[in-house]
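K.L.:
My file is run-v1.txt. It has compact mmCIF, C-alpha atoms:
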# COMPACT_ATOMS: atom_id res chain seq x y z
CA MET A 1 0.00 0.00 0.00
CA LYS A 2 1.14 3.55 -0.81
CA SER A 3 0.11 6.81 0.83
CA LYS A 4 -2.19 7.58 -2.12
CA ASP A 5 -4.05 4.33 -1.42
CA ILE A 6 -5.13 5.53 2.03
CA LYS A 7 -8.70 6.69 1.55
CA ASN A 8 -10.47 5.52 4.71
CA ILE A 9 -9.26 6.28 8.22
CA SER A 10 -10.86 4.91 11.38
CA VAL A 11 -10.30 6.62 14.73
CA LEU A 12 -10.95 4.51 17.81
CA GLY A 13 -12.30 6.51 20.74
CA ALA A 14 -14.65 9.49 20.62
CA GLY A 15 -13.21 11.25 23.68
CA SER A 16 -11.43 14.58 23.97
CA MET A 17 -8.71 13.49 21.54
CA GLY A 18 -10.43 11.04 19.22
CA HIS A 19 -13.31 13.14 17.95
CA GLN A 20 -10.99 16.04 17.05
CA ILE A 21 -8.49 13.73 15.36
CA GLY A 22 -11.41 12.36 13.37
CA MET A 23 -12.41 15.83 12.25
CA LEU A 24 -8.83 16.60 11.19
CA CYS A 25 -8.91 13.49 9.00
CA ALA A 26 -12.27 14.45 7.50
CA LEU A 27 -11.06 17.99 6.83
CA GLY A 28 -8.00 16.43 5.16
CA GLY A 29 -10.23 14.67 2.66
CA TYR A 30 -10.31 11.17 4.16
CA GLU A 31 -13.49 9.17 4.59
CA THR A 32 -13.39 8.97 8.36
CA THR A 33 -15.09 6.73 10.89
CA ILE A 34 -15.05 7.50 14.61
CA GLN A 35 -15.66 4.35 16.65
CA ASP A 36 -16.60 4.17 20.32
CA ILE A 37 -18.38 1.48 22.31
CA ASN A 38 -20.49 4.19 23.95
CA GLU A 39 -23.30 5.54 21.77
CA ALA A 40 -23.67 8.59 24.02
CA ALA A 41 -19.99 9.43 23.54
CA LEU A 42 -20.47 9.39 19.77
CA LYS A 43 -23.49 11.68 20.00
CA ASP A 44 -21.58 14.05 22.27
CA ALA A 45 -18.64 14.02 19.86
CA GLY A 46 -20.88 14.97 16.95
CA GLU A 47 -22.44 17.84 18.89
CA LYS A 48 -19.06 19.18 19.98
CA LEU A 49 -17.67 19.04 16.46
CA GLU A 50 -20.72 20.81 15.08
CA GLY A 51 -20.16 23.59 17.60
CA ILE A 52 -16.45 23.90 16.87
CA MET A 53 -16.85 23.89 13.10
CA THR A 54 -19.67 26.44 13.26
CA LYS A 55 -17.31 28.76 15.15
CA TRP A 56 -14.60 28.12 12.54
CA VAL A 57 -16.98 29.19 9.79
CA LYS A 58 -17.93 32.36 11.67
CA LYS A 59 -14.25 33.19 12.19
CA GLY A 60 -13.49 32.58 8.52
CA LYS A 61 -11.11 29.67 9.17
CA ILE A 62 -13.13 27.46 6.81
CA THR A 63 -16.06 28.00 4.48
CA GLU A 64 -19.55 26.60 4.99
CA GLU A 65 -18.90 24.33 2.01
CA MET A 66 -15.69 22.99 3.56
CA LYS A 67 -17.55 22.32 6.80
CA ASN A 68 -20.36 20.47 5.03
CA ASP A 69 -17.92 18.45 2.93
CA ALA A 70 -16.00 17.39 6.05
CA PHE A 71 -19.15 16.29 7.85
CA SER A 72 -20.26 14.34 4.77
CA ARG A 73 -17.04 12.33 5.09
CA LEU A 74 -17.42 11.77 8.84
CA HIS A 75 -19.18 8.65 10.12
CA TYR A 76 -19.81 7.13 13.53
CA THR A 77 -20.12 3.54 14.75
CA THR A 78 -20.09 1.48 17.93
CA SER A 79 -18.78 -1.54 16.01
CA LEU A 80 -15.04 -2.19 16.18
CA GLU A 81 -15.41 -4.71 13.36
CA GLU A 82 -17.05 -2.14 11.07
CA ALA A 83 -14.36 0.42 11.83
CA ALA A 84 -11.55 -2.08 11.24
CA VAL A 85 -12.83 -3.80 8.11
CA GLN A 86 -13.30 -0.61 6.08
CA ALA A 87 -10.10 1.15 7.19
CA ASP A 88 -6.87 1.67 5.28
CA PHE A 89 -5.29 3.34 8.32
CA ILE A 90 -6.35 3.14 11.98
CA ILE A 91 -5.62 5.67 14.74
CA GLU A 92 -6.22 4.43 18.28
CA ALA A 93 -7.17 7.14 20.80
CA ILE A 94 -8.61 5.17 23.72
CA VAL A 95 -7.81 5.22 27.43
CA GLU A 96 -4.12 5.39 28.41
CA LYS A 97 -3.93 1.86 29.81
CA LEU A 98 -1.57 -0.68 28.28
CA ASP A 99 -3.72 -3.74 28.91
CA VAL A 100 -6.75 -2.13 27.25
CA LYS A 101 -4.73 -1.02 24.23
CA ARG A 102 -3.19 -4.48 23.81
CA GLU A 103 -6.62 -6.09 23.92
CA VAL A 104 -7.96 -3.73 21.25
CA PHE A 105 -4.90 -4.11 18.99
CA GLN A 106 -5.15 -7.89 19.20
CA LYS A 107 -8.76 -7.69 18.01
CA LEU A 108 -7.83 -5.21 15.28
CA ASP A 109 -5.13 -7.54 14.01
CA GLU A 110 -7.75 -10.22 13.42
CA LEU A 111 -10.26 -7.85 11.78
CA ALA A 112 -8.24 -5.43 9.64
CA ALA A 113 -6.61 -6.18 6.28
CA PRO A 114 -2.94 -7.27 6.59
CA ASP A 115 -1.52 -4.08 5.08
CA VAL A 116 -3.42 -1.65 7.35
CA ILE A 117 -1.25 0.54 9.58
CA PHE A 118 -2.08 0.79 13.29
CA ALA A 119 -1.16 4.15 14.84
CA SER A 120 -1.46 4.73 18.58
CA ASN A 121 -2.16 8.21 19.92
CA SER A 122 -0.71 7.17 23.29
CA SER A 123 1.01 10.05 25.03
CA THR A 124 3.60 7.87 26.71
CA ILE A 125 3.33 4.14 25.85
CA VAL A 126 5.86 3.05 23.23
CA ASN A 127 4.31 1.14 20.35
CA SER A 128 6.50 -1.97 20.73
CA LEU A 129 4.63 -2.77 23.98
CA ILE A 130 1.38 -2.79 21.99
CA ALA A 131 2.60 -4.22 18.69
CA SER A 132 3.77 -7.46 20.30
CA VAL A 133 0.19 -8.77 20.34
CA THR A 134 -0.14 -8.31 16.57
CA SER A 135 1.25 -10.10 13.54
CA ARG A 136 2.25 -6.78 11.93
CA LYS A 137 4.88 -5.21 14.20
CA ASP A 138 6.35 -3.41 11.19
CA LYS A 139 3.03 -1.63 10.61
CA VAL A 140 2.55 -0.29 14.17
CA VAL A 141 3.64 3.25 15.02
CA ASN A 142 3.01 6.00 17.56
CA MET A 143 1.12 9.01 16.24
CA HIS A 144 0.93 11.30 19.25
CA PHE A 145 -1.34 14.31 18.79
CA PHE A 146 -1.49 17.10 21.36
CA PHE A 147 -4.56 18.47 23.09
CA PRO A 148 -6.64 19.90 21.58
CA PRO A 149 -5.78 18.32 18.19
CA LEU A 150 -7.79 20.87 16.18
CA VAL A 151 -5.60 23.61 17.65
CA MET A 152 -2.17 22.10 18.31
CA ASP A 153 0.01 21.79 15.22
CA CYS A 154 2.34 18.94 16.17
CA VAL A 155 2.33 15.14 15.97
CA GLU A 156 5.13 12.98 17.36
CA VAL A 157 5.54 10.01 14.99
CA VAL A 158 7.60 7.40 16.83
CA MET A 159 9.16 4.26 15.39
CA SER A 160 10.11 1.12 17.29
CA ASP A 161 13.02 -1.06 16.17
CA GLU A 162 10.48 -3.06 14.13
CA THR A 163 8.42 -0.21 12.64
CA SER A 164 9.23 -0.08 8.93
CA GLU A 165 10.46 3.03 7.15
CA GLU A 166 7.47 2.67 4.82
CA THR A 167 5.07 2.79 7.79
CA ALA A 168 6.81 5.88 9.16
CA LYS A 169 6.71 7.63 5.79
CA MET A 170 3.03 6.89 5.25
CA THR A 171 2.21 8.16 8.73
CA MET A 172 4.15 11.35 8.08
CA ASP A 173 2.26 11.72 4.78
CA VAL A 174 -1.03 11.46 6.66
CA CYS A 175 0.17 14.21 9.03
CA GLU A 176 0.92 16.43 6.05
CA ARG A 177 -2.46 15.82 4.44
CA ILE A 178 -4.37 16.68 7.63
CA ASN A 179 -2.29 19.85 7.93
CA ARG A 180 -0.27 18.87 10.99
CA THR A 181 3.48 19.08 11.50
CA GLY A 182 4.78 15.55 11.98
CA VAL A 183 8.09 15.10 13.79
CA LEU A 184 9.69 11.71 13.26
CA LEU A 185 11.46 10.04 16.20
CA LYS A 186 13.40 6.95 15.16
CA LYS A 187 14.07 5.71 18.68
CA GLU A 188 11.54 4.78 21.34
CA ILE A 189 11.45 6.18 24.84
CA SER A 190 8.50 6.27 27.23
CA GLY A 191 6.82 9.68 27.07
CA PHE A 192 8.61 10.60 23.83
CA VAL A 193 9.95 14.19 23.80
CA ALA A 194 7.23 16.67 24.72
CA ASN A 195 5.79 14.75 27.65
CA ARG A 196 9.19 13.96 29.12
CA ILE A 197 10.03 17.65 29.20
CA LEU A 198 6.54 18.55 30.41
CA GLY A 199 6.64 15.76 33.00
CA ALA A 200 9.87 17.12 34.47
CA LEU A 201 8.26 20.56 34.80
CA GLN A 202 5.10 19.17 36.40
CA LYS A 203 7.04 16.93 38.77
CA GLU A 204 9.00 19.91 40.07
CA ALA A 205 5.84 22.02 40.29
CA MET A 206 4.13 19.29 42.36
CA TYR A 207 7.19 19.04 44.64
CA LEU A 208 7.18 22.79 45.29
CA TYR A 209 3.44 22.70 45.99
CA GLU A 210 3.45 19.66 48.29
CA GLU A 211 6.47 20.95 50.20
CA GLY A 212 4.59 24.18 50.90
CA ILE A 213 7.10 26.33 49.01
CA ALA A 214 4.37 28.02 46.97
CA ASP A 215 0.64 27.75 46.31
CA PHE A 216 -0.30 26.18 42.96
CA LYS A 217 -1.76 29.50 41.79
CA ASP A 218 1.52 31.27 42.51
CA ILE A 219 3.51 28.56 40.73
CA ASP A 220 1.30 29.03 37.67
CA LEU A 221 1.68 32.80 37.92
CA ILE A 222 5.49 32.58 38.05
CA CYS A 223 5.58 30.24 35.04
CA ARG A 224 3.40 32.64 33.05
CA LYS A 225 5.12 35.87 34.08
CA ALA A 226 8.74 34.82 34.54
CA LEU A 227 9.05 31.98 32.01
CA ASN A 228 6.53 33.38 29.50
CA HIS A 229 4.58 30.12 29.41
CA PRO A 230 1.06 30.61 28.01
CA ILE A 231 -0.40 28.70 30.98
CA GLY A 232 1.07 27.27 34.16
CA PRO A 233 1.60 23.56 34.92
CA PHE A 234 -1.49 23.25 37.11
CA GLU A 235 -3.66 25.05 34.56
CA LEU A 236 -2.30 22.68 31.91
CA MET A 237 -3.15 19.64 34.04
CA ASP A 238 -6.72 20.93 34.27
CA LEU A 239 -6.86 21.55 30.53
CA SER A 240 -5.59 18.14 29.42
CA GLY A 241 -7.30 16.19 32.22
CA ILE A 242 -5.76 15.28 35.56
CA ASP A 243 -6.70 11.63 35.01
CA VAL A 244 -4.75 11.57 31.72
CA GLY A 245 -1.59 12.71 33.50
CA TYR A 246 -2.24 10.23 36.30
CA TYR A 247 -2.41 7.28 33.90
CA VAL A 248 0.75 8.49 32.14
CA MET A 249 2.66 8.61 35.43
CA GLN A 250 1.25 5.28 36.56
CA GLN A 251 2.35 3.66 33.29
CA ARG A 252 5.82 5.16 33.64
CA TYR A 253 6.07 3.82 37.19
CA ASN A 254 4.92 0.37 36.03
CA GLU A 255 7.72 0.38 33.46
CA THR A 256 10.54 1.75 35.63
CA GLY A 257 9.62 0.74 39.18
CA ASN A 258 11.12 4.07 40.26
CA PRO A 259 9.11 5.59 43.17
CA GLU A 260 9.87 9.05 41.76
CA ASP A 261 7.70 8.21 38.75
CA LYS A 262 4.61 7.43 40.85
CA PRO A 263 1.74 9.93 40.70
CA SER A 264 1.81 12.35 43.63
CA LYS A 265 -0.69 11.97 46.47
CA ALA A 266 -2.41 15.24 45.52
CA ILE A 267 -3.02 14.06 41.96
CA GLU A 268 -4.17 10.63 43.13
CA GLU A 269 -6.67 12.28 45.50
CA LYS A 270 -8.13 14.38 42.70
CA VAL A 271 -8.54 11.35 40.43
CA LYS A 272 -10.31 9.43 43.21
CA ALA A 273 -12.56 12.43 43.88
CA GLY A 274 -13.39 12.79 40.17
CA THR A 275 -12.21 16.39 40.03
CA LEU A 276 -10.32 16.00 36.78
CA GLY A 277 -10.09 19.58 35.49
CA ARG A 278 -12.08 21.56 32.98
CA LYS A 279 -13.98 18.55 31.66
CA THR A 280 -15.57 17.94 35.08
CA GLY A 281 -15.89 21.60 36.04
CA LYS A 282 -13.31 21.42 38.80
CA GLY A 283 -9.68 20.37 39.15
CA TRP A 284 -6.99 22.57 40.59
CA TYR A 285 -9.27 25.44 39.68
CA ASP A 286 -13.06 25.81 39.78
CA TYR A 287 -14.64 26.31 36.34
CA THR A 288 -18.29 25.99 37.32
CA LYS A 289 -18.89 29.74 37.15
CA GLU A 290 -17.56 30.11 33.59
CA GLY A 291 -18.79 26.74 32.36
CA VAL A 292 -16.79 23.69 31.40
CA LYS A 293 -14.62 24.27 28.34
CA ASN A 294 -14.38 21.70 25.55
What does this structure look like when you write it as structure tokens?

P.N.:
Amino acid sequence: MKSKDIKNISVLGAGSMGHQIGMLCALGGYETTIQDINEAALKDAGEKLEGIMTKWVKKGKITEEMKNDAFSRLHYTTSLEEAAVQADFIIEAIVEKLDVKREVFQKLDELAAPDVIFASNSSTIVNSLIASVTSRKDKVVNMHFFFPPLVMDCVEVVMSDETSEETAKMTMDVCERINRTGVLLKKEISGFVANRILGALQKEAMYLYEEGIADFKDIDLICRKALNHPIGPFELMDLSGIDVGYYVMQQRYNETGNPEDKPSKAIEEKVKAGTLGRKTGKGWYDYTKEGVKN
């Protein structure tokens, strides 16, 4: 298969990442299917995308015709089999748990055509840990988008030792067609580049907070004013989802066994309490007065 042969893309997971990745693919001209086992999640995804694209039209980012064309190429299903059978390229954007991803990839391997590429949007899990349950290790790659995908112009494309050059090239070609800057990493490392740097910043911010050196609001303020960061580390945790960061740290700890990689007590408490950031209305900050942001 060549890049030009990729006509149908299936995105697994209709959550905060998946539905926007799906829209990027549809805007890029691909027939796109968003799959999720939860019918309500698919309905919510459609409503959110309608709202976002309507705003894009009003702002002049796209025309009404471009919007309508994209939606005509966008489809939804709860069937993993349907999503896999019709796909030329599959992007997985489900929960950041290795055992769940391995289970899904094993099923995909049985359902999808042999030449279909499997790309994982994992923010930290290297693809070799997932590819081992498939018969196509050379066709598995990381394709890490950043939140929110419709805004952030970067995708980390990560190869394992067994990912083929052809797979990497085709994935980079998909990035180009959906108008995203793909950066190719030819060596695996947990967390890749962006999240390793970000993780170091957040780890230090949590240390300063838990040691009582500074309040989280003051840490955010210093990062914005002194370091010229657009938002502080605690604001960013709220934006991307505190649970997402928790699973990333838990996965890193599972891989390394290093106690320093374990999620902090403060983060663990918030996950248990369900205060996960903007998506729940409350995290480090309270968003109930301004409304939850998508």

K.L.:
Using only C-alpha atoms, I'd like a table of the residues in range 147-219 of chain A that come within 7 Å of range 4-28 of chain A; for each, show the closest atom pair and its distance in Å rounded to one decimal, ordered by chain and ascending number, as a tab-separated table.

P.N.:
residue	atom	partner	partner_atom	distance
A:Phe147	CA	A:Met17	CA	6.7
A:Pro148	CA	A:Met17	CA	6.7
A:Pro149	CA	A:Gln20	CA	5.8
A:Leu150	CA	A:Gln20	CA	5.9
A:Arg177	CA	A:Gly28	CA	5.6
A:Ile178	CA	A:Gly28	CA	4.4

K.L.:
I need every residue sitting at most 6 Å from the point (-1.3, 4.3, 13.0) (coordinates as in the file, all atoms listed in the file considered), written as a PyMOL selection string.

P.N.:
chain A and resi 90-91+117-120+141

K.L.:
How many Å separate CA of Asn258 in chain A from CA of Lys203 in chain A?

P.N.:
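Separation between CA of Asn258 in chain A and CA of Lys203 in chain A: 13.6 Å.
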
K.L.:
Considering all atoms listed in the file, return as a list in words whatever protein or nucleic-acid residues lie within 12 Å of Asn68 in chain A, sequence-local ones (same chain, fewer than 6 positions apart) excluded.

P.N.:
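Skipping anything fewer than 6 positions along the chain leaves Met23, Ala26, Leu27, Gly29, Leu49, Glu50, Met53, Thr54, Val57, Ile62 and Leu74 of chain A.
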
K.L.:
For Asp215 in chain A, which of A:Phe234, A:Asn142, A:Ser135, A:Ser79 is the closest residue, counting only C-alpha atoms?

P.N.:
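Nearest candidate to Asp215 in chain A out of A:Phe234, A:Asn142, A:Ser135, A:Ser79: A:Phe234.
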
K.L.:
By how many Å are CA of Ile130 in chain A and CA of Glu103 in chain A apart?

P.N.:
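Taking CA of Ile130 in chain A and CA of Glu103 in chain A, their separation equals 8.9 Å.
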
K.L.:
Take CA of Gln202 in chain A and CA of Pro233 in chain A and report the distance between them in Å, one decimal.

P.N.:
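These two atoms are separated by 5.8 Å.
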
K.L.:
Go through A:Val140, A:Met237, A:Ile34, A:Val155 and flag the residue nearest Thr167 in chain A, using only C-alpha atoms for the distances.

P.N.:
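Closest candidate: A:Val140.
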
K.L.:
Please list as a list in words every residue within 9 Å of Gly283 in chain A, counting all atoms listed in the file and excluding residues in the same chain fewer than 2 positions away.

P.N.:
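Counting all atoms listed in the file, the residues come to Phe234, Glu235, Met237, Asp238, Gly241, Ile242, Lys270, Gly274, Thr275, Leu276, Gly277, Arg278, Lys279, Thr280, Gly281, Tyr285, Asp286 and Tyr287 of chain A.
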
K.L.:
Have a look at A:Ile189, A:Val116, A:Val126, A:Leu221 and name the one nearest to Lys2 in chain A; count all atoms listed in the file.

P.N.:
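Among the listed residues, A:Val116 lies closest to Lys2 in chain A.
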
K.L.:
Taking all atoms of range 64-68 of chain A that the file lists and extending 4 Å past them on each side, where is the centre of the axis-aligned box and how long are its edges? Answer in Å to one decimal, as JSON.

P.N.:
{"center_x": -18.0, "center_y": 23.5, "center_z": 4.4, "size_x": 12.7, "size_y": 14.1, "size_z": 12.8}

K.L.:
Using all atoms listed in the file, which protein or nucleic acid residues come within 10 Å of Gly191 in chain A? Drop anything in the same chain fewer than 6 positions from it, and give the result as a PyMOL selection string.

P.N.:
chain A and resi 122-126+144+197-199+248-249+251-252

K.L.:
Hey, what's within 12 Å of Glu176 in chain A if we count only C-alpha atoms and toss same-chain stuff fewer than 4 positions away? As a ChimeraX atom specification, please?

P.N.:
/A:3,24-25,28-29,153-155,157,169-172,180-183

K.L.:
Store the residues picked out above in a file with C-alpha atoms, as a CSV table (one decimal), in the frame of the given file.

P.N.:
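Just written: again.csv:
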chain,number,residue,atom,x,y,z
A,3,SER,CA,0.1,6.8,0.8
A,24,LEU,CA,-8.8,16.6,11.2
A,25,CYS,CA,-8.9,13.5,9.0
A,28,GLY,CA,-8.0,16.4,5.2
A,29,GLY,CA,-10.2,14.7,2.7
A,153,ASP,CA,0.0,21.8,15.2
A,154,CYS,CA,2.3,18.9,16.2
A,155,VAL,CA,2.3,15.1,16.0
A,157,VAL,CA,5.5,10.0,15.0
A,169,LYS,CA,6.7,7.6,5.8
A,170,MET,CA,3.0,6.9,5.2
A,171,THR,CA,2.2,8.2,8.7
A,172,MET,CA,4.2,11.4,8.1
A,180,ARG,CA,-0.3,18.9,11.0
A,181,THR,CA,3.5,19.1,11.5
A,182,GLY,CA,4.8,15.6,12.0
A,183,VAL,CA,8.1,15.1,13.8

K.L.:
List every protein, DNA or RNA residue that has at least one atom no more than 12 Å from (6.6, 29.4, 40.2) in the file's coordinates, counting all atoms listed in the file, and write the result as an MDAnalysis selection string.

P.N.:
chainID A and resid 201:202 204:209 213:229 231:234

K.L.:
Quick one: everything within 7 Å of Ala83 in chain A, counting all atoms listed in the file, minus sequence neighbours fewer than 2 positions away in the same chain. Send it as a PyMOL selection string.

P.N.:
chain A and resi 10+33+35+79-81+85-87
